[in-house]
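What follows is a short report on a single structure.
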Amino acid sequence: MDDKSAPNVFLRGGSGTFLSDEERLRYVPDLDVEKVKVLCGNRYEHFEASSETTLIGDRELKVFEWAHCTFVAE
């Protein structure tokens with residue numbers, strides 16, 4: 001896996017039924033963003049940047065905390 005697609009963020013919190021442990025590891029091109037949203041079925045799970053990092057394997061990942069969800073409009 002090259003560094004441009006290797007995970008650099010960890011999504012923490014929210015319902016475990018919508019995101020598997022593997023889906024919580026993500027690549028975000030701009031680490032200065034305040035929010036990340038992930039489509040999960042008919043809803044978006046929203047995560048906000050924190051000042052924390054976590055070590056998973058040999059990678060230090062920026063932590064985004066679950067904030068809320070919204071539903072996809074029809």
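Just remember, in the structure tokens the first chain shown is A, the second B, etc., residues are 1-based per chain, and ligands are 1-based in the order shown.
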(message) Could you go through chain A and tell me which residues DSSP, when run on the backbone, assigns to strand (DSSP E), listing them as a PyMOL selection string?
(response) chain A and resi 9-12+25-26+35-40+43-56+59-71
(message) Report as a PyMOL selection string all protein, DNA and RNA residues lying within 8 Å of range 31-45 of chain A, evaluated on only C-alpha atoms, omitting residues in the same chain fewer than 4 positions from it.
(response) chain A and resi 14+18-19+49+62+64+66-72
(message) At a cut-off of 12 Å, using only C-alpha atoms, what residues contact Leu55 in chain A? Leave out same-chain residues fewer than 4 positions from it and give the result as a count of residues only.
(response) 10
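Rounded to one decimal, CA of Ser50 in chain A and CA of Glu65 in chain A lie 6.6 Å from each other.
Reported to one decimal place, the separation of CA of Val28 in chain A from CA of Ala6 in chain A is 9.3 Å.
Between CA of Ala73 in chain A and CA of Ser15 in chain A there is a distance of 20.7 Å.
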